[in-house]
$ cat protein01.cif   # mmCIF, C-alpha atoms
data_target
loop_
_atom_site.group_PDB
_atom_site.id
_atom_site.type_symbol
_atom_site.label_atom_id
_atom_site.label_comp_id
_atom_site.auth_asym_id
_atom_site.auth_seq_id
_atom_site.Cartn_x
_atom_site.Cartn_y
_atom_site.Cartn_z
ATOM 1 C CA MET A 19 -102.167 6.943 62.425
ATOM 2 C CA ASP A 20 -105.421 6.249 64.314
ATOM 3 C CA GLU A 21 -108.451 4.002 63.835
ATOM 4 C CA HIS A 22 -110.105 6.373 61.324
ATOM 5 C CA SER A 23 -107.182 5.924 58.926
ATOM 6 C CA LEU A 24 -107.369 2.116 58.910
ATOM 7 C CA HIS A 25 -109.057 0.606 55.861
ATOM 8 C CA SER A 26 -108.233 -3.087 56.407
ATOM 9 C CA PRO A 27 -111.096 -4.772 58.343
ATOM 10 C CA PHE A 28 -108.559 -6.992 60.138
ATOM 11 C CA ILE A 29 -106.338 -4.174 61.368
ATOM 12 C CA TYR A 30 -109.335 -1.916 62.167
ATOM 13 C CA GLY A 31 -110.932 -4.612 64.327
ATOM 14 C CA LEU A 32 -107.622 -5.469 65.972
ATOM 15 C CA TYR A 33 -106.925 -1.838 66.801
ATOM 16 C CA LYS A 34 -110.436 -1.073 68.052
ATOM 17 C CA ASP A 35 -111.148 -4.271 69.968
ATOM 18 C CA ILE A 36 -107.708 -5.386 71.183
ATOM 19 C CA ILE A 37 -104.986 -2.721 70.985
ATOM 20 C CA SER A 38 -106.901 0.335 72.198
ATOM 21 C CA LYS A 39 -109.561 -1.429 74.272
ATOM 22 C CA GLU A 40 -108.769 -1.834 77.960
ATOM 23 C CA ASN A 41 -109.950 -4.702 80.120
ATOM 24 C CA THR A 42 -110.016 -5.632 83.771
ATOM 25 C CA ASN A 43 -109.628 -9.001 85.392
ATOM 26 C CA PRO A 44 -109.417 -9.955 89.080
ATOM 27 C CA ILE A 45 -106.264 -11.910 88.213
ATOM 28 C CA PHE A 46 -104.653 -8.687 87.006
ATOM 29 C CA GLU A 47 -105.277 -7.069 90.379
ATOM 30 C CA GLY A 48 -103.304 -9.842 92.041
ATOM 31 C CA ILE A 49 -100.451 -9.500 89.548
ATOM 32 C CA GLU A 50 -100.285 -5.760 90.142
ATOM 33 C CA LYS A 51 -100.047 -6.389 93.873
ATOM 34 C CA VAL A 52 -96.964 -8.487 93.091
ATOM 35 C CA ARG A 53 -95.581 -5.592 91.051
ATOM 36 C CA GLY A 54 -96.216 -3.263 93.976
ATOM 37 C CA SER A 55 -94.401 -5.547 96.394
ATOM 38 C CA LEU A 56 -91.442 -5.754 94.019
ATOM 39 C CA ARG A 57 -91.235 -1.963 93.779
ATOM 40 C CA ALA A 58 -91.126 -1.850 97.573
ATOM 41 C CA ASN A 59 -88.459 -4.560 97.862
ATOM 42 C CA HIS A 60 -85.057 -2.918 98.342
ATOM 43 C CA LYS A 61 -83.094 -6.146 98.622
ATOM 44 C CA GLU A 62 -80.005 -6.186 96.386
ATOM 45 C CA ILE A 63 -79.370 -9.110 94.065
ATOM 46 C CA LYS A 64 -76.441 -9.961 91.818
ATOM 47 C CA ILE A 65 -77.129 -9.383 88.142
ATOM 48 C CA HIS A 66 -75.633 -11.731 85.589
ATOM 49 C CA ASP A 67 -76.517 -9.813 82.422
ATOM 50 C CA LEU A 68 -75.965 -11.700 79.182
ATOM 51 C CA GLY A 69 -77.599 -9.063 77.008
ATOM 52 C CA ALA A 70 -77.085 -5.423 76.050
ATOM 53 C CA GLY A 71 -77.364 -4.257 79.650
ATOM 54 C CA SER A 72 -79.411 -1.486 81.197
ATOM 55 C CA LEU A 73 -79.581 2.168 80.243
ATOM 56 C CA VAL A 74 -80.321 3.005 83.886
ATOM 57 C CA SER A 75 -77.661 1.112 85.838
ATOM 58 C CA LYS A 76 -74.427 -0.693 85.014
ATOM 59 C CA ASN A 77 -73.947 -1.968 88.574
ATOM 60 C CA GLU A 78 -73.458 -5.693 89.074
ATOM 61 C CA ARG A 79 -75.751 -5.526 92.100
ATOM 62 C CA ARG A 80 -79.158 -3.890 91.817
ATOM 63 C CA LYS A 81 -82.147 -3.465 94.066
ATOM 64 C CA ILE A 82 -85.226 -5.454 93.149
ATOM 65 C CA SER A 83 -87.180 -2.219 93.494
ATOM 66 C CA ALA A 84 -85.040 -0.561 90.801
ATOM 67 C CA ILE A 85 -85.480 -3.492 88.417
ATOM 68 C CA ALA A 86 -89.243 -3.368 89.004
ATOM 69 C CA ARG A 87 -89.386 0.384 88.492
ATOM 70 C CA TYR A 88 -87.218 0.670 85.382
ATOM 71 C CA GLY A 89 -87.047 -2.796 83.848
ATOM 72 C CA LEU A 90 -90.609 -4.126 83.764
ATOM 73 C CA THR A 91 -93.157 -3.768 81.008
ATOM 74 C CA THR A 92 -95.920 -1.275 81.738
ATOM 75 C CA PRO A 93 -99.239 -2.666 83.016
ATOM 76 C CA ARG A 94 -100.835 -1.353 79.814
ATOM 77 C CA ASN A 95 -98.604 -3.476 77.592
ATOM 78 C CA SER A 96 -98.873 -6.508 79.875
ATOM 79 C CA ARG A 97 -102.669 -6.364 79.577
ATOM 80 C CA LEU A 98 -102.319 -6.016 75.803
ATOM 81 C CA TYR A 99 -100.243 -9.202 75.644
ATOM 82 C CA SER A 100 -102.958 -11.049 77.556
ATOM 83 C CA ARG A 101 -105.686 -9.726 75.226
ATOM 84 C CA LEU A 102 -103.717 -10.677 72.115
ATOM 85 C CA ILE A 103 -103.119 -14.184 73.430
ATOM 86 C CA GLU A 104 -106.818 -14.594 74.196
ATOM 87 C CA HIS A 105 -107.790 -13.103 70.812
ATOM 88 C CA VAL A 106 -105.753 -15.633 68.809
ATOM 89 C CA GLY A 107 -106.383 -18.522 71.200
ATOM 90 C CA ALA A 108 -102.690 -19.154 71.822
ATOM 91 C CA ALA A 109 -102.036 -22.390 73.695
ATOM 92 C CA THR A 110 -98.223 -22.459 73.777
ATOM 93 C CA VAL A 111 -96.433 -19.234 74.694
ATOM 94 C CA LEU A 112 -92.691 -18.572 74.732
ATOM 95 C CA GLU A 113 -91.109 -15.650 76.572
ATOM 96 C CA LEU A 114 -87.444 -14.829 76.034
ATOM 97 C CA GLY A 115 -86.493 -12.706 79.052
ATOM 98 C CA THR A 116 -88.524 -13.489 82.179
ATOM 99 C CA SER A 117 -87.182 -10.666 84.333
ATOM 100 C CA LEU A 118 -89.210 -10.695 87.572
ATOM 101 C CA GLY A 119 -92.061 -12.663 86.007
ATOM 102 C CA VAL A 120 -94.813 -10.043 85.815
ATOM 103 C CA ASN A 121 -95.390 -10.420 82.059
ATOM 104 C CA THR A 122 -95.210 -14.181 82.442
ATOM 105 C CA MET A 123 -98.163 -14.180 84.810
ATOM 106 C CA TYR A 124 -100.192 -11.911 82.550
ATOM 107 C CA MET A 125 -99.527 -14.187 79.588
ATOM 108 C CA ALA A 126 -100.487 -17.289 81.583
ATOM 109 C CA SER A 127 -103.836 -15.778 82.627
ATOM 110 C CA PRO A 128 -106.022 -16.506 79.523
ATOM 111 C CA LEU A 129 -107.906 -19.796 79.699
ATOM 112 C CA CYS A 130 -106.691 -20.821 76.230
ATOM 113 C CA VAL A 131 -103.074 -20.972 77.439
ATOM 114 C CA LYS A 132 -101.824 -24.447 78.291
ATOM 115 C CA LYS A 133 -98.123 -23.658 78.766
ATOM 116 C CA VAL A 134 -95.903 -20.593 79.121
ATOM 117 C CA ILE A 135 -92.222 -21.411 78.724
ATOM 118 C CA THR A 136 -90.092 -18.523 79.919
ATOM 119 C CA VAL A 137 -86.313 -18.165 79.775
ATOM 120 C CA GLU A 138 -84.162 -16.129 82.177
ATOM 121 C CA GLY A 139 -80.375 -16.288 82.201
ATOM 122 C CA CYS A 140 -79.738 -14.568 85.544
ATOM 123 C CA PRO A 141 -80.039 -17.044 88.462
ATOM 124 C CA GLU A 142 -81.036 -14.517 91.132
ATOM 125 C CA ILE A 143 -83.651 -12.839 88.949
ATOM 126 C CA ALA A 144 -85.004 -16.280 88.009
ATOM 127 C CA SER A 145 -85.254 -17.105 91.716
ATOM 128 C CA VAL A 146 -87.337 -13.986 92.404
ATOM 129 C CA ALA A 147 -89.606 -14.785 89.446
ATOM 130 C CA THR A 148 -90.086 -18.379 90.627
ATOM 131 C CA HIS A 149 -91.112 -17.087 94.059
ATOM 132 C CA ASN A 150 -93.650 -14.765 92.408
ATOM 133 C CA PHE A 151 -95.138 -17.661 90.436
ATOM 134 C CA SER A 152 -95.739 -19.677 93.603
ATOM 135 C CA GLY A 153 -98.828 -17.628 94.443
ATOM 136 C CA PHE A 154 -100.167 -17.807 90.903
ATOM 137 C CA SER A 155 -101.276 -20.524 88.437
ATOM 138 C CA SER A 156 -97.723 -21.795 88.395
ATOM 139 C CA SER A 157 -98.659 -25.156 86.885
ATOM 140 C CA LYS A 158 -98.890 -23.410 83.504
ATOM 141 C CA ILE A 159 -95.455 -21.807 83.814
ATOM 142 C CA GLU A 160 -92.100 -23.430 83.147
ATOM 143 C CA LEU A 161 -89.042 -21.269 83.812
ATOM 144 C CA LEU A 162 -85.712 -22.246 82.279
ATOM 145 C CA ASN A 163 -82.748 -20.600 84.001
ATOM 146 C CA GLN A 164 -80.350 -20.997 81.088
ATOM 147 C CA PRO A 165 -78.728 -18.953 78.335
ATOM 148 C CA ILE A 166 -81.346 -18.519 75.608
ATOM 149 C CA ASP A 167 -79.580 -20.535 72.896
ATOM 150 C CA GLN A 168 -79.206 -23.463 75.283
ATOM 151 C CA ALA A 169 -82.826 -23.142 76.406
ATOM 152 C CA LEU A 170 -84.071 -23.077 72.808
ATOM 153 C CA ASP A 171 -82.279 -26.367 72.111
ATOM 154 C CA HIS A 172 -84.171 -27.861 75.045
ATOM 155 C CA ILE A 173 -87.510 -26.330 74.014
ATOM 156 C CA PHE A 174 -87.323 -27.343 70.376
ATOM 157 C CA ASN A 175 -86.702 -30.965 71.324
ATOM 158 C CA ARG A 176 -90.234 -31.199 72.722
ATOM 159 C CA VAL A 177 -92.349 -28.383 71.236
ATOM 160 C CA ASN A 178 -93.772 -28.659 67.722
ATOM 161 C CA ARG A 179 -95.221 -25.168 67.374
ATOM 162 C CA LEU A 180 -95.330 -21.812 69.117
ATOM 163 C CA ASP A 181 -98.477 -19.689 69.075
ATOM 164 C CA PHE A 182 -97.179 -16.539 70.748
ATOM 165 C CA ILE A 183 -93.618 -15.364 71.390
ATOM 166 C CA LEU A 184 -92.420 -12.360 73.383
ATOM 167 C CA PHE A 185 -88.849 -11.313 72.575
ATOM 168 C CA ASP A 186 -87.650 -9.246 75.550
ATOM 169 C CA ALA A 187 -83.988 -10.160 76.016
ATOM 170 C CA HIS A 188 -80.543 -9.336 74.595
ATOM 171 C CA HIS A 189 -81.426 -6.074 72.907
ATOM 172 C CA THR A 190 -78.893 -6.296 70.084
ATOM 173 C CA TYR A 191 -79.346 -6.753 66.354
ATOM 174 C CA ASP A 192 -77.488 -10.065 66.149
ATOM 175 C CA ALA A 193 -79.250 -11.631 69.131
ATOM 176 C CA THR A 194 -82.716 -10.471 68.076
ATOM 177 C CA MET A 195 -82.316 -11.711 64.509
ATOM 178 C CA GLY A 196 -80.705 -14.930 65.691
ATOM 179 C CA TYR A 197 -83.581 -15.751 68.042
ATOM 180 C CA TYR A 198 -86.139 -14.834 65.388
ATOM 181 C CA HIS A 199 -84.596 -17.151 62.814
ATOM 182 C CA ARG A 200 -84.269 -19.981 65.338
ATOM 183 C CA CYS A 201 -87.940 -19.671 66.308
ATOM 184 C CA LYS A 202 -89.175 -19.242 62.745
ATOM 185 C CA SER A 203 -89.421 -22.983 62.066
ATOM 186 C CA TYR A 204 -91.887 -23.332 64.960
ATOM 187 C CA ILE A 205 -94.311 -20.542 64.108
ATOM 188 C CA HIS A 206 -97.399 -20.927 61.935
ATOM 189 C CA GLU A 207 -99.829 -18.747 60.020
ATOM 190 C CA HIS A 208 -101.725 -17.694 63.145
ATOM 191 C CA SER A 209 -98.734 -17.147 65.414
ATOM 192 C CA VAL A 210 -98.184 -13.685 66.882
ATOM 193 C CA LEU A 211 -94.759 -12.315 67.791
ATOM 194 C CA ILE A 212 -94.020 -9.341 70.048
ATOM 195 C CA PHE A 213 -90.676 -7.530 70.007
ATOM 196 C CA ASP A 214 -90.061 -5.280 72.990
ATOM 197 C CA ASP A 215 -88.107 -1.983 72.861
ATOM 198 C CA ILE A 216 -87.937 -1.822 69.062
ATOM 199 C CA HIS A 217 -86.668 1.781 69.224
ATOM 200 C CA TRP A 218 -84.488 1.316 72.319
ATOM 201 C CA SER A 219 -81.326 1.615 70.217
ATOM 202 C CA LYS A 220 -80.192 1.853 66.608
ATOM 203 C CA GLU A 221 -79.522 -1.886 66.658
ATOM 204 C CA MET A 222 -83.039 -2.700 67.811
ATOM 205 C CA THR A 223 -84.559 -0.416 65.181
ATOM 206 C CA GLN A 224 -82.349 -2.096 62.590
ATOM 207 C CA ALA A 225 -83.547 -5.510 63.727
ATOM 208 C CA TRP A 226 -87.192 -4.375 63.613
ATOM 209 C CA ASP A 227 -86.730 -2.984 60.090
ATOM 210 C CA GLN A 228 -85.213 -6.297 58.997
ATOM 211 C CA ILE A 229 -88.012 -8.371 60.543
ATOM 212 C CA ARG A 230 -90.610 -6.264 58.758
ATOM 213 C CA GLN A 231 -89.003 -7.243 55.446
ATOM 214 C CA GLU A 232 -88.903 -10.993 56.099
ATOM 215 C CA VAL A 233 -90.806 -12.800 53.343
ATOM 216 C CA GLU A 234 -93.066 -14.768 55.705
ATOM 217 C CA VAL A 235 -94.196 -11.627 57.590
ATOM 218 C CA THR A 236 -97.469 -10.199 56.259
ATOM 219 C CA LEU A 237 -98.415 -7.500 58.780
ATOM 220 C CA THR A 238 -96.508 -5.512 61.379
ATOM 221 C CA ILE A 239 -97.690 -2.930 63.888
ATOM 222 C CA ASP A 240 -95.267 -0.431 65.414
ATOM 223 C CA LEU A 241 -96.605 0.932 68.720
ATOM 224 C CA PHE A 242 -93.255 2.667 69.309
ATOM 225 C CA ASP A 243 -92.249 0.743 72.419
ATOM 226 C CA ILE A 244 -93.264 -2.635 71.011
ATOM 227 C CA GLY A 245 -93.679 -4.231 67.597
ATOM 228 C CA ILE A 246 -96.329 -6.842 66.723
ATOM 229 C CA VAL A 247 -95.840 -9.330 63.885
ATOM 230 C CA PHE A 248 -98.449 -11.422 62.041
ATOM 231 C CA PHE A 249 -98.082 -14.141 59.396
ATOM 232 C CA ARG A 250 -101.654 -14.521 58.124
ATOM 233 C CA LYS A 251 -101.603 -15.423 54.457
ATOM 234 C CA GLU A 252 -104.911 -13.726 53.668
ATOM 235 C CA LEU A 253 -103.461 -10.317 54.603
ATOM 236 C CA GLU A 254 -101.621 -8.008 52.235
ATOM 237 C CA LYS A 255 -98.080 -7.171 53.277
ATOM 238 C CA GLU A 256 -98.378 -3.915 55.215
ATOM 239 C CA ASP A 257 -96.614 -2.067 58.018
ATOM 240 C CA TYR A 258 -98.542 0.186 60.383
ATOM 241 C CA VAL A 259 -97.337 2.767 62.877
ATOM 242 C CA LEU A 260 -100.154 3.359 65.349
ATOM 243 C CA ARG A 261 -100.703 5.527 68.385
ATOM 244 C CA ARG A 262 -102.688 4.601 71.459
#
$ encode --input "protein01.cif" --output "structure tokens"
Amino acid sequence: MDEHSLHSPFIYGLYKDIISKENTNPIFEGIEKVRGSLRANHKEIKIHDLGAGSLVSKNERRKISAIARYGLTTPRNSRLYSRLIEHVGAATVLELGTSLGVNTMYMASPLCVKKVITVEGCPEIASVATHNFSGFSSSKIELLNQPIDQALDHIFNRVNRLDFILFDAHHTYDATMGYYHRCKSYIHEHSVLIFDDIHWSKEMTQAWDQIRQEVEVTLTIDLFDIGIVFFRKELEKEDYVLRR
């Protein structure tokens, strides 16, 4: 489906002005320089993987360059996250799965953002991400190096609502649904949720299909590699599969 097939004014405007529209920002250039340095960094670090693992490597030790090459979100999607956050005016952002911190920096870049809380379970990956944040607007970013369930306990003790959530960790059905249901009490009508790798495995597709059916969800967009979820009450319940 493309923009000419979209009859809803909301989804047409979102597709035309946010999803398919590219943007540049001097901050993005700096973040991409960080990505480039990570891809050139062949230092090995120990991976403590609490999730479904990698399709590329099962080694306990991996080069930072390999993680950057195969494990990071594309620049295109990272820019999309930033545009979506700016579009909805999200102030409090939660990221489950920091990795090397590239997405985190993109999501912290809009002026509307007051806080990005990001969770990474692997100590050595969290250390690399923290180093990357040091040359950025790190005052907005709080990294929790904890298992996600433990981190969520900590977060929910002091956060009343979440405006934007990126789910990019533990790519299993049970974990994805568990995190969704735990976060659900803290979302609101104008929250936006992103699920990464929704067709990465049968389990992730199953989780995505289940989320689309949740009663509070009004609109979903399947961009193949990611899924976007809205809760706006004025929208009819619809599911879109779009190409870019």
$ closest_residue --input "protein01.cif" --among "A:Leu253, A:Leu170, A:Met195, A:Val134" --to "Gln228 (chain A)" --atoms "only C-alpha atoms"
A:Met195
$ closest_residue --input "protein01.cif" --among "A:Glu47, A:Glu232, A:Asp171, A:Asp215" --to "Lys202 (chain A)" --atoms "all atoms listed in the file"
A:Glu232
$ resolve_selection --input "protein01.cif" --expression "the PyMOL selection byres ((chain A and resi 33) around 10)" --output "ChimeraX atom specification"
/A:20-21,24,27-32,34-39,239,260-262
$ write_last_selection --input "protein01.cif" --atoms "C-alpha atoms" --output "CSV table (one decimal), in the coordinates of the input"
chain,number,residue,atom,x,y,z
A,20,ASP,CA,-105.4,6.2,64.3
A,21,GLU,CA,-108.5,4.0,63.8
A,24,LEU,CA,-107.4,2.1,58.9
A,27,PRO,CA,-111.1,-4.8,58.3
A,28,PHE,CA,-108.6,-7.0,60.1
A,29,ILE,CA,-106.3,-4.2,61.4
A,30,TYR,CA,-109.3,-1.9,62.2
A,31,GLY,CA,-110.9,-4.6,64.3
A,32,LEU,CA,-107.6,-5.5,66.0
A,34,LYS,CA,-110.4,-1.1,68.1
A,35,ASP,CA,-111.1,-4.3,70.0
A,36,ILE,CA,-107.7,-5.4,71.2
A,37,ILE,CA,-105.0,-2.7,71.0
A,38,SER,CA,-106.9,0.3,72.2
A,39,LYS,CA,-109.6,-1.4,74.3
A,239,ILE,CA,-97.7,-2.9,63.9
A,260,LEU,CA,-100.2,3.4,65.3
A,261,ARG,CA,-100.7,5.5,68.4
A,262,ARG,CA,-102.7,4.6,71.5
$ atom_distance --input "protein01.cif" --atom1 "CA of Glu138 (chain A)" --atom2 "CA of Ala169 (chain A)"
9.2 Å
$ residues_near_point --input "protein01.cif" --point "(-98.5, -16.8, 75.5)" --cutoff "9 Å" --atoms "all atoms listed in the file" --output "list in words"
Tyr99, Ser100, Leu102, Ile103, Glu104, Ala108, Ala109, Thr110, Val111, Leu112, Glu113, Thr122, Tyr124, Met125, Ala126, Ser127, Pro128, Val131, Lys132, Lys133, Val134, Ile135, Leu180, Asp181, Phe182, Ile183 and Leu184 of chain A
$ resolve_selection --input "protein01.cif" --expression "the PyMOL selection byres ((chain A and resi 166) around 9)" --output "ChimeraX atom specification"
/A:114-115,137-139,162-165,167-171,187,197
$ residues_near_point --input "protein01.cif" --point "(-104.6, -2.8, 48.1)" --cutoff "12 Å" --atoms "all atoms listed in the file" --output "MDAnalysis selection string"
chainID A and resid 25:26 253:256
$ atom_distance --input "protein01.cif" --atom1 "CA of His172 (chain A)" --atom2 "CA of Gly196 (chain A)"
16.3 Å
$ residues_around --input "protein01.cif" --residues "region 78-89 of chain A" --least-positions-apart "5" --cutoff "8 Å" --atoms "all atoms listed in the file" --output "NGL selection string"
:A and (53 or 56-66 or 117-118)
$ closest_residue --input "protein01.cif" --among "A:Gly153, A:Gly245, A:Pro141, A:Gly54" --to "Leu90 (chain A)" --atoms "only C-alpha atoms"
A:Gly54
$ atom_distance --input "protein01.cif" --atom1 "CA of Pro93 (chain A)" --atom2 "CA of Ile49 (chain A)"
9.5 Å
$ residues_around --input "protein01.cif" --residues "His217 (chain A)" --least-positions-apart "2" --cutoff "12 Å" --atoms "all atoms listed in the file" --output "PyMOL selection string"
chain A and resi 189-191+213-215+219-227+240-245
